[in-house]
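Data block below; observations after.
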Amino acid sequence: MSVLVVEDKKTLVVASENRQAILDAIPMAKPIPSKPSLSVVPHNLETTLVLRNLGVEAPSPITHYYKWPGRFKPMSHQRDTSAFLTMHKKCIVLNSMGTGKTQASLWAADYLMEIGAIKRVLIISPLSTLNGVWGDAIFASFTKRTYAVLHGTSEKRKKLMKEGADFCIVNHDGFEIIAAEAAGLFDLIIVDEAAALRNPSTDRYKALRRYMDANTNCRLWLMTGTPTPNEPTDAWALAKLVGSPKLDNTYSGFRDRVMMKLGKWKMVPRPNSPETVAEVLVPSIRFDLVDCVDLPEVTYQTRTVALSSEQAKAYKAMQKQLVAEVESGEI
């Protein structure tokens, strides 16, 4: 099979020995009478997904028709990541830290908004990245989009969420506060540092699981460069969220696949556990930092981190006691 993209017509010319299956599955597809194996298919998100289900490796439309707005030019691995995201309702991005996952996911989300596939997005991320990473990225590159950071009291979070911003950004534990009233408001949830959901017994995991079970049409993109920070079993909860077809139905079944007993009480990872984890974390995409040859030499991120209670106490004491005598020159 082969595919030719005709960009000015937004169509695909598909060569397939099973042309009739394509014509049956895609009503808008047209045969080329003089070429028994060729058909012309509109190139959009829906037809591309149908073709892929038929075994035709059609490219995501984002790679041919999207303008990639903002001050950054997408790198090749970011284009591939954005294309992958548009092709999967639920999936995992395992790209290493520093490879531009944030920007790639925002481009993909913006494209889906542009074509009317989604309307609103909820981003769940660590508290320190709400404004300094996600908010800044949206502000800098997507001038036509609005965003709201859902932080503060419960009432404030819910009020901001209902005001209709294109992107809402909330911290992991904050999602539990808004989850009940967020039903039906979002078409896509992006979870940054998704390894924070690796424990299926936590309230934060259960809240997202309940939300996805109740909102079956909502897309879910998980993002983490370290899906198993502690043990191979960390992968089970993430794979469960995206509905991996390779996953054991039970946590204990998966645990037995990746862990083995060492003595009566201790369990250690099996030698083949990395391969088993890679097998179940699907659909997924991964680019290692060393493989991204077009990355800039240096990238900068600004993150706001709250002082601990001990630090805040010391800071107030410094303000009160250490006064600079500017006029006299004495410090």
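FYI, nothing fancy with the structure tokens labels: chains A, B, ... in order, residues from 1 per chain, ligands from 1 as they appear.
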Practice prompt. Can you pull out every residue within 8 Å of stretch 70-84 of chain A, counting only C-alpha atoms, but drop anything in the same chain fewer than 2 positions away, and send it as a list of chain:residue names?
Written response: A:Ser60, A:Pro61, A:Ile62, A:Thr63, A:Trp68, A:Thr86, A:Met87, A:His88, A:Val93, A:Thr99, A:Gly100, A:Lys101, A:Gln103, A:Ala104, A:Ser105, A:Trp107, A:Ala108, A:Ala140, A:Ser141, A:Phe142, A:Ile285, A:Phe287, A:Cys292, A:Asp294, A:Leu295
Based on the selection just made, write N, CA, C and O atoms of those residues as a compact mmCIF listing (two decimals), in the first residue's frame.
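This is the output file again05.txt:
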```txt
# COMPACT_ATOMS: atom_id res chain seq x y z
N SER A 60 -1.17 11.96 9.62
CA SER A 60 -2.11 12.84 10.31
C SER A 60 -2.23 14.15 9.55
O SER A 60 -1.23 14.72 9.10
N PRO A 61 -3.44 14.67 9.39
CA PRO A 61 -3.62 15.94 8.67
C PRO A 61 -2.84 17.11 9.28
O PRO A 61 -2.52 18.06 8.57
N ILE A 62 -2.55 17.05 10.58
CA ILE A 62 -1.82 18.17 11.21
C ILE A 62 -0.48 18.41 10.55
O ILE A 62 0.01 19.54 10.48
N THR A 63 0.14 17.35 10.02
CA THR A 63 1.48 17.48 9.43
C THR A 63 1.46 18.21 8.10
O THR A 63 2.51 18.64 7.61
N TRP A 68 1.19 25.80 12.84
CA TRP A 68 2.13 25.77 13.96
C TRP A 68 2.38 27.19 14.50
O TRP A 68 3.47 27.74 14.37
N THR A 86 -2.89 13.55 17.86
CA THR A 86 -4.15 13.75 17.13
C THR A 86 -4.77 12.45 16.67
O THR A 86 -5.98 12.37 16.44
N MET A 87 -3.97 11.41 16.57
CA MET A 87 -4.45 10.12 16.08
C MET A 87 -4.94 9.19 17.18
O MET A 87 -5.43 8.10 16.89
N HIS A 88 -4.80 9.61 18.44
CA HIS A 88 -5.17 8.72 19.54
C HIS A 88 -6.03 9.45 20.57
O HIS A 88 -5.64 10.49 21.10
N VAL A 93 2.54 9.96 26.31
CA VAL A 93 3.76 10.54 25.74
C VAL A 93 4.88 10.32 26.75
O VAL A 93 4.84 10.85 27.86
N THR A 99 12.36 17.74 25.96
CA THR A 99 12.11 17.51 24.53
C THR A 99 10.92 18.31 24.00
O THR A 99 10.55 18.17 22.83
N GLY A 100 10.31 19.12 24.83
CA GLY A 100 9.22 19.99 24.35
C GLY A 100 7.86 19.32 24.31
O GLY A 100 7.06 19.60 23.41
N LYS A 101 7.57 18.46 25.29
CA LYS A 101 6.26 17.79 25.33
C LYS A 101 5.13 18.79 25.50
O LYS A 101 4.06 18.63 24.90
N GLN A 103 4.79 21.98 24.54
CA GLN A 103 4.45 22.68 23.30
C GLN A 103 3.82 21.74 22.28
O GLN A 103 2.86 22.11 21.60
N ALA A 104 4.33 20.53 22.18
CA ALA A 104 3.79 19.57 21.23
C ALA A 104 2.33 19.24 21.54
O ALA A 104 1.49 19.15 20.63
N SER A 105 2.02 19.05 22.81
CA SER A 105 0.65 18.72 23.18
C SER A 105 -0.29 19.91 22.97
O SER A 105 -1.44 19.74 22.57
N TRP A 107 0.11 22.29 20.65
CA TRP A 107 -0.12 22.37 19.21
C TRP A 107 -1.19 21.37 18.78
O TRP A 107 -2.08 21.71 18.00
N ALA A 108 -1.09 20.14 19.28
CA ALA A 108 -2.08 19.12 18.93
C ALA A 108 -3.47 19.51 19.39
O ALA A 108 -4.46 19.37 18.65
N ALA A 140 2.19 32.74 25.15
CA ALA A 140 3.21 33.10 24.18
C ALA A 140 2.89 32.63 22.76
O ALA A 140 3.25 33.30 21.79
N SER A 141 2.22 31.48 22.63
CA SER A 141 2.09 30.88 21.30
C SER A 141 0.67 30.83 20.75
O SER A 141 0.50 30.65 19.54
N PHE A 142 -0.34 31.00 21.60
CA PHE A 142 -1.71 30.81 21.13
C PHE A 142 -2.55 32.04 21.50
O PHE A 142 -3.36 31.99 22.42
N ILE A 285 4.27 7.05 22.62
CA ILE A 285 5.36 7.52 21.78
C ILE A 285 6.49 7.96 22.70
O ILE A 285 6.23 8.46 23.81
N PHE A 287 10.55 9.79 22.64
CA PHE A 287 11.80 10.31 22.09
C PHE A 287 12.75 10.58 23.25
O PHE A 287 12.38 11.30 24.18
N CYS A 292 17.14 13.63 19.94
CA CYS A 292 16.56 14.85 19.36
C CYS A 292 17.68 15.78 18.93
O CYS A 292 18.08 16.70 19.66
N ASP A 294 17.86 18.11 16.79
CA ASP A 294 17.56 19.49 16.43
C ASP A 294 17.17 20.35 17.64
O ASP A 294 16.68 21.46 17.48
N LEU A 295 17.40 19.84 18.84
CA LEU A 295 17.12 20.64 20.04
C LEU A 295 18.08 21.82 20.15
O LEU A 295 19.25 21.70 19.77
```
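Those residues that approach A:Thr226 to within 8 Å, counting only C-alpha atoms, are Leu94, Ser96, Ala195, Thr224, Thr228 and Pro229 of chain A; same-chain residues fewer than 2 positions away are not listed.
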Practice prompt. May I ask which of the residues A:Leu262, A:Val3, A:Leu281, A:Ala165 is the closest one to A:Thr146, counting only C-alpha atoms?
Written response: A:Ala165
For stretch 6-17 of chain A, please output as a PDB file with N, CA and C atoms, in the first residue's frame all residues within 6 Å (counting only C-alpha atoms; exclusion window: fewer than 6 positions along the same chain).
```pdb
ATOM      1  N   SER A  37      -6.496  -0.191  -8.533  1.00  0.00           N
ATOM      2  CA  SER A  37      -6.077  -0.220  -7.129  1.00  0.00           C
ATOM      3  C   SER A  37      -6.123   1.152  -6.463  1.00  0.00           C
ATOM      4  N   LEU A  38      -6.420   2.207  -7.228  1.00  0.00           N
ATOM      5  CA  LEU A  38      -6.338   3.575  -6.692  1.00  0.00           C
ATOM      6  C   LEU A  38      -7.708   4.122  -6.310  1.00  0.00           C
ATOM      7  N   SER A  39      -7.715   4.871  -5.216  1.00  0.00           N
ATOM      8  CA  SER A  39      -8.905   5.602  -4.791  1.00  0.00           C
ATOM      9  C   SER A  39      -8.490   6.954  -4.240  1.00  0.00           C
ATOM     10  N   VAL A  40      -9.404   7.919  -4.333  1.00  0.00           N
ATOM     11  CA  VAL A  40      -9.160   9.272  -3.829  1.00  0.00           C
ATOM     12  C   VAL A  40     -10.008   9.460  -2.572  1.00  0.00           C
ATOM     13  N   VAL A  41      -9.348   9.863  -1.496  1.00  0.00           N
ATOM     14  CA  VAL A  41     -10.013   9.958  -0.192  1.00  0.00           C
ATOM     15  C   VAL A  41      -9.796  11.352   0.392  1.00  0.00           C
ATOM     16  N   PRO A  42     -10.839  12.009   0.912  1.00  0.00           N
ATOM     17  CA  PRO A  42     -10.632  13.290   1.604  1.00  0.00           C
ATOM     18  C   PRO A  42      -9.646  13.104   2.753  1.00  0.00           C
ATOM     19  N   HIS A  43      -8.746  14.073   2.907  1.00  0.00           N
ATOM     20  CA  HIS A  43      -7.736  13.951   3.956  1.00  0.00           C
ATOM     21  C   HIS A  43      -8.166  14.753   5.171  1.00  0.00           C
TER      22      HIS A  43
END
```
List every residue of stretch 80-116 of chain A that has an atom at most 9 Å from any atom of stretch 214-219 of chain A, and for each one report the closest atom pair and its distance in Å to one decimal, counting only C-alpha atoms, with rows sorted by chain and then by increasing residue number, as a tab-separated table.
```
residue	atom	partner	partner_atom	distance
A:His88	CA	A:Arg219	CA	8.2
A:Lys89	CA	A:Arg219	CA	4.8
A:Lys90	CA	A:Arg219	CA	5.7
A:Cys91	CA	A:Arg219	CA	8.8
```
Selected residues written out, all heavy atoms, as a PDB file, in the first residue's frame:
```
ATOM      1  N   HIS A  88      -4.797   9.610  18.442  1.00  0.00           N
ATOM      2  CA  HIS A  88      -5.168   8.715  19.544  1.00  0.00           C
ATOM      3  C   HIS A  88      -6.026   9.449  20.568  1.00  0.00           C
ATOM      4  O   HIS A  88      -5.635  10.489  21.097  1.00  0.00           O
ATOM      5  CB  HIS A  88      -3.918   8.157  20.229  1.00  0.00           C
ATOM      6  CG  HIS A  88      -3.131   7.234  19.351  1.00  0.00           C
ATOM      7  ND1 HIS A  88      -2.172   7.687  18.479  1.00  0.00           N
ATOM      8  CD2 HIS A  88      -3.177   5.886  19.191  1.00  0.00           C
ATOM      9  CE1 HIS A  88      -1.654   6.658  17.824  1.00  0.00           C
ATOM     10  NE2 HIS A  88      -2.247   5.563  18.234  1.00  0.00           N
ATOM     11  N   LYS A  89      -7.176   8.870  20.865  1.00  0.00           N
ATOM     12  CA  LYS A  89      -8.065   9.452  21.857  1.00  0.00           C
ATOM     13  C   LYS A  89      -7.472   9.346  23.253  1.00  0.00           C
ATOM     14  O   LYS A  89      -7.573  10.277  24.069  1.00  0.00           O
ATOM     15  CB  LYS A  89      -9.416   8.742  21.797  1.00  0.00           C
ATOM     16  CG  LYS A  89     -10.473   9.334  22.702  1.00  0.00           C
ATOM     17  CD  LYS A  89     -11.807   8.627  22.514  1.00  0.00           C
ATOM     18  CE  LYS A  89     -12.864   9.194  23.454  1.00  0.00           C
ATOM     19  NZ  LYS A  89     -14.172   8.516  23.278  1.00  0.00           N
ATOM     20  N   LYS A  90      -6.847   8.204  23.536  1.00  0.00           N
ATOM     21  CA  LYS A  90      -6.169   8.005  24.814  1.00  0.00           C
ATOM     22  C   LYS A  90      -4.781   7.451  24.534  1.00  0.00           C
ATOM     23  O   LYS A  90      -4.643   6.469  23.800  1.00  0.00           O
ATOM     24  CB  LYS A  90      -6.943   7.036  25.712  1.00  0.00           C
ATOM     25  CG  LYS A  90      -8.300   7.547  26.171  1.00  0.00           C
ATOM     26  CD  LYS A  90      -8.981   6.526  27.069  1.00  0.00           C
ATOM     27  CE  LYS A  90     -10.345   7.014  27.535  1.00  0.00           C
ATOM     28  NZ  LYS A  90     -11.014   6.022  28.411  1.00  0.00           N
ATOM     29  N   CYS A  91      -3.766   8.061  25.130  1.00  0.00           N
ATOM     30  CA  CYS A  91      -2.395   7.613  24.852  1.00  0.00           C
ATOM     31  C   CYS A  91      -1.436   8.197  25.884  1.00  0.00           C
ATOM     32  O   CYS A  91      -1.822   8.986  26.757  1.00  0.00           O
ATOM     33  CB  CYS A  91      -1.962   8.023  23.443  1.00  0.00           C
ATOM     34  SG  CYS A  91      -1.986   9.808  23.158  1.00  0.00           S
TER      35      CYS A  91
END
```
Item to complete: Would you please extract all helix (DSSP H, G or I) residues from stretch 42-227 of chain A, as assigned by DSSP on the backbone, and give them as number ranges by chain?
Response: A: 45-53, 62-65, 76-86, 101-114, 127-141, 154-161, 172-178, 180-182, 194-197, 203-214
Discussion item. Can you pull out the residues contacting A:Ile178? Cut-off 8 Å, using only C-alpha atoms, and skip same-chain residues under 5 positions away; I want them as a ChimeraX atom specification.
Written reply: /A:154,157-158
Go ahead and save the picked residues with C-alpha atoms, as a PDB file, in the first residue's frame.
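Saved to again16.pdb:
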```
ATOM      1  CA  SER A 154     -12.888  25.602  46.014  1.00  0.00           C
ATOM      2  CA  ARG A 157     -11.632  27.186  41.183  1.00  0.00           C
ATOM      3  CA  LYS A 158     -15.161  26.185  40.189  1.00  0.00           C
TER       4      LYS A 158
END
```
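Here the strand (DSSP E or B) residues in stretch 163-212 of chain A, by DSSP on the backbone, are Phe167, Cys168, Ile169, Val170, Asn171, Leu188, Ile189, Ile190, Val191 and Asp192 of chain A.
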Emit the selected residues as a JSON list (two decimals), in the first residue's frame, including all heavy atoms.
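Contents of the output file out-v6.json:
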```json
[["chain", "number", "residue", "atom", "x", "y", "z"],
["A", 167, "PHE", "N", -8.53, 26.75, 27.73],
["A", 167, "PHE", "CA", -7.67, 25.88, 28.52],
["A", 167, "PHE", "C", -7.86, 26.21, 30.00],
["A", 167, "PHE", "O", -7.75, 27.37, 30.39],
["A", 167, "PHE", "CB", -6.19, 26.07, 28.17],
["A", 167, "PHE", "CG", -5.81, 25.62, 26.79],
["A", 167, "PHE", "CD1", -5.82, 26.51, 25.73],
["A", 167, "PHE", "CD2", -5.42, 24.30, 26.54],
["A", 167, "PHE", "CE1", -5.46, 26.11, 24.45],
["A", 167, "PHE", "CE2", -5.05, 23.89, 25.27],
["A", 167, "PHE", "CZ", -5.07, 24.80, 24.22],
["A", 168, "CYS", "N", -8.13, 25.21, 30.80],
["A", 168, "CYS", "CA", -8.12, 25.36, 32.26],
["A", 168, "CYS", "C", -6.96, 24.53, 32.81],
["A", 168, "CYS", "O", -6.73, 23.40, 32.35],
["A", 168, "CYS", "CB", -9.44, 24.89, 32.87],
["A", 168, "CYS", "SG", -10.83, 26.00, 32.54],
["A", 169, "ILE", "N", -6.24, 25.09, 33.77],
["A", 169, "ILE", "CA", -5.04, 24.45, 34.30],
["A", 169, "ILE", "C", -5.21, 24.26, 35.80],
["A", 169, "ILE", "O", -5.47, 25.23, 36.53],
["A", 169, "ILE", "CB", -3.78, 25.29, 34.01],
["A", 169, "ILE", "CG1", -3.78, 25.76, 32.55],
["A", 169, "ILE", "CG2", -2.52, 24.50, 34.32],
["A", 169, "ILE", "CD1", -2.73, 26.83, 32.25],
["A", 170, "VAL", "N", -5.05, 23.03, 36.27],
["A", 170, "VAL", "CA", -5.25, 22.75, 37.69],
["A", 170, "VAL", "C", -4.17, 21.78, 38.16],
["A", 170, "VAL", "O", -3.63, 21.01, 37.36],
["A", 170, "VAL", "CB", -6.66, 22.15, 37.93],
["A", 170, "VAL", "CG1", -6.77, 20.75, 37.33],
["A", 170, "VAL", "CG2", -7.03, 22.13, 39.41],
["A", 171, "ASN", "N", -3.84, 21.84, 39.46],
["A", 171, "ASN", "CA", -2.85, 20.91, 39.99],
["A", 171, "ASN", "C", -3.47, 19.54, 40.24],
["A", 171, "ASN", "O", -4.69, 19.39, 40.25],
["A", 171, "ASN", "CB", -2.22, 21.47, 41.27],
["A", 171, "ASN", "CG", -3.24, 21.71, 42.36],
["A", 171, "ASN", "OD1", -4.20, 22.45, 42.16],
["A", 171, "ASN", "ND2", -3.03, 21.10, 43.53],
["A", 188, "LEU", "N", -10.98, 17.16, 26.32],
["A", 188, "LEU", "CA", -9.62, 16.60, 26.39],
["A", 188, "LEU", "C", -9.02, 16.92, 27.75],
["A", 188, "LEU", "O", -9.14, 18.06, 28.23],
["A", 188, "LEU", "CB", -8.75, 17.20, 25.28],
["A", 188, "LEU", "CG", -7.23, 17.04, 25.41],
["A", 188, "LEU", "CD1", -6.81, 15.58, 25.35],
["A", 188, "LEU", "CD2", -6.51, 17.84, 24.32],
["A", 189, "ILE", "N", -8.38, 15.93, 28.35],
["A", 189, "ILE", "CA", -7.61, 16.15, 29.58],
["A", 189, "ILE", "C", -6.17, 15.76, 29.29],
["A", 189, "ILE", "O", -5.88, 14.68, 28.79],
["A", 189, "ILE", "CB", -8.16, 15.31, 30.75],
["A", 189, "ILE", "CG1", -9.54, 15.82, 31.15],
["A", 189, "ILE", "CG2", -7.21, 15.38, 31.95],
["A", 189, "ILE", "CD1", -10.16, 15.06, 32.31],
["A", 190, "ILE", "N", -5.26, 16.69, 29.58],
["A", 190, "ILE", "CA", -3.82, 16.45, 29.47],
["A", 190, "ILE", "C", -3.26, 16.37, 30.88],
["A", 190, "ILE", "O", -3.46, 17.28, 31.68],
["A", 190, "ILE", "CB", -3.11, 17.58, 28.70],
["A", 190, "ILE", "CG1", -3.70, 17.73, 27.28],
["A", 190, "ILE", "CG2", -1.60, 17.33, 28.63],
["A", 190, "ILE", "CD1", -3.15, 18.94, 26.53],
["A", 191, "VAL", "N", -2.59, 15.28, 31.20],
["A", 191, "VAL", "CA", -2.00, 15.12, 32.53],
["A", 191, "VAL", "C", -0.48, 15.19, 32.40],
["A", 191, "VAL", "O", 0.14, 14.29, 31.81],
["A", 191, "VAL", "CB", -2.41, 13.79, 33.19],
["A", 191, "VAL", "CG1", -1.83, 13.71, 34.60],
["A", 191, "VAL", "CG2", -3.92, 13.66, 33.23],
["A", 192, "ASP", "N", 0.11, 16.25, 32.90],
["A", 192, "ASP", "CA", 1.56, 16.41, 32.92],
["A", 192, "ASP", "C", 2.12, 15.71, 34.17],
["A", 192, "ASP", "O", 1.46, 15.67, 35.20],
["A", 192, "ASP", "CB", 1.92, 17.89, 32.93],
["A", 192, "ASP", "CG", 3.39, 18.14, 32.68],
["A", 192, "ASP", "OD1", 4.09, 17.21, 32.24],
["A", 192, "ASP", "OD2", 3.86, 19.28, 32.92]]
```
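Closest approach to A:Gly184 among A:Arg198, A:Arg120, A:Arg204, A:Lys159: A:Arg120, based on only C-alpha atoms.
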Worksheet item: Quick one: residues within 12 Å of A:His172, only C-alpha atoms counted, chain neighbours fewer than 6 positions away excluded, as an NGL selection string?
Response: :A and (122-130 or 150-151 or 178-179 or 189-197 or 202-208)
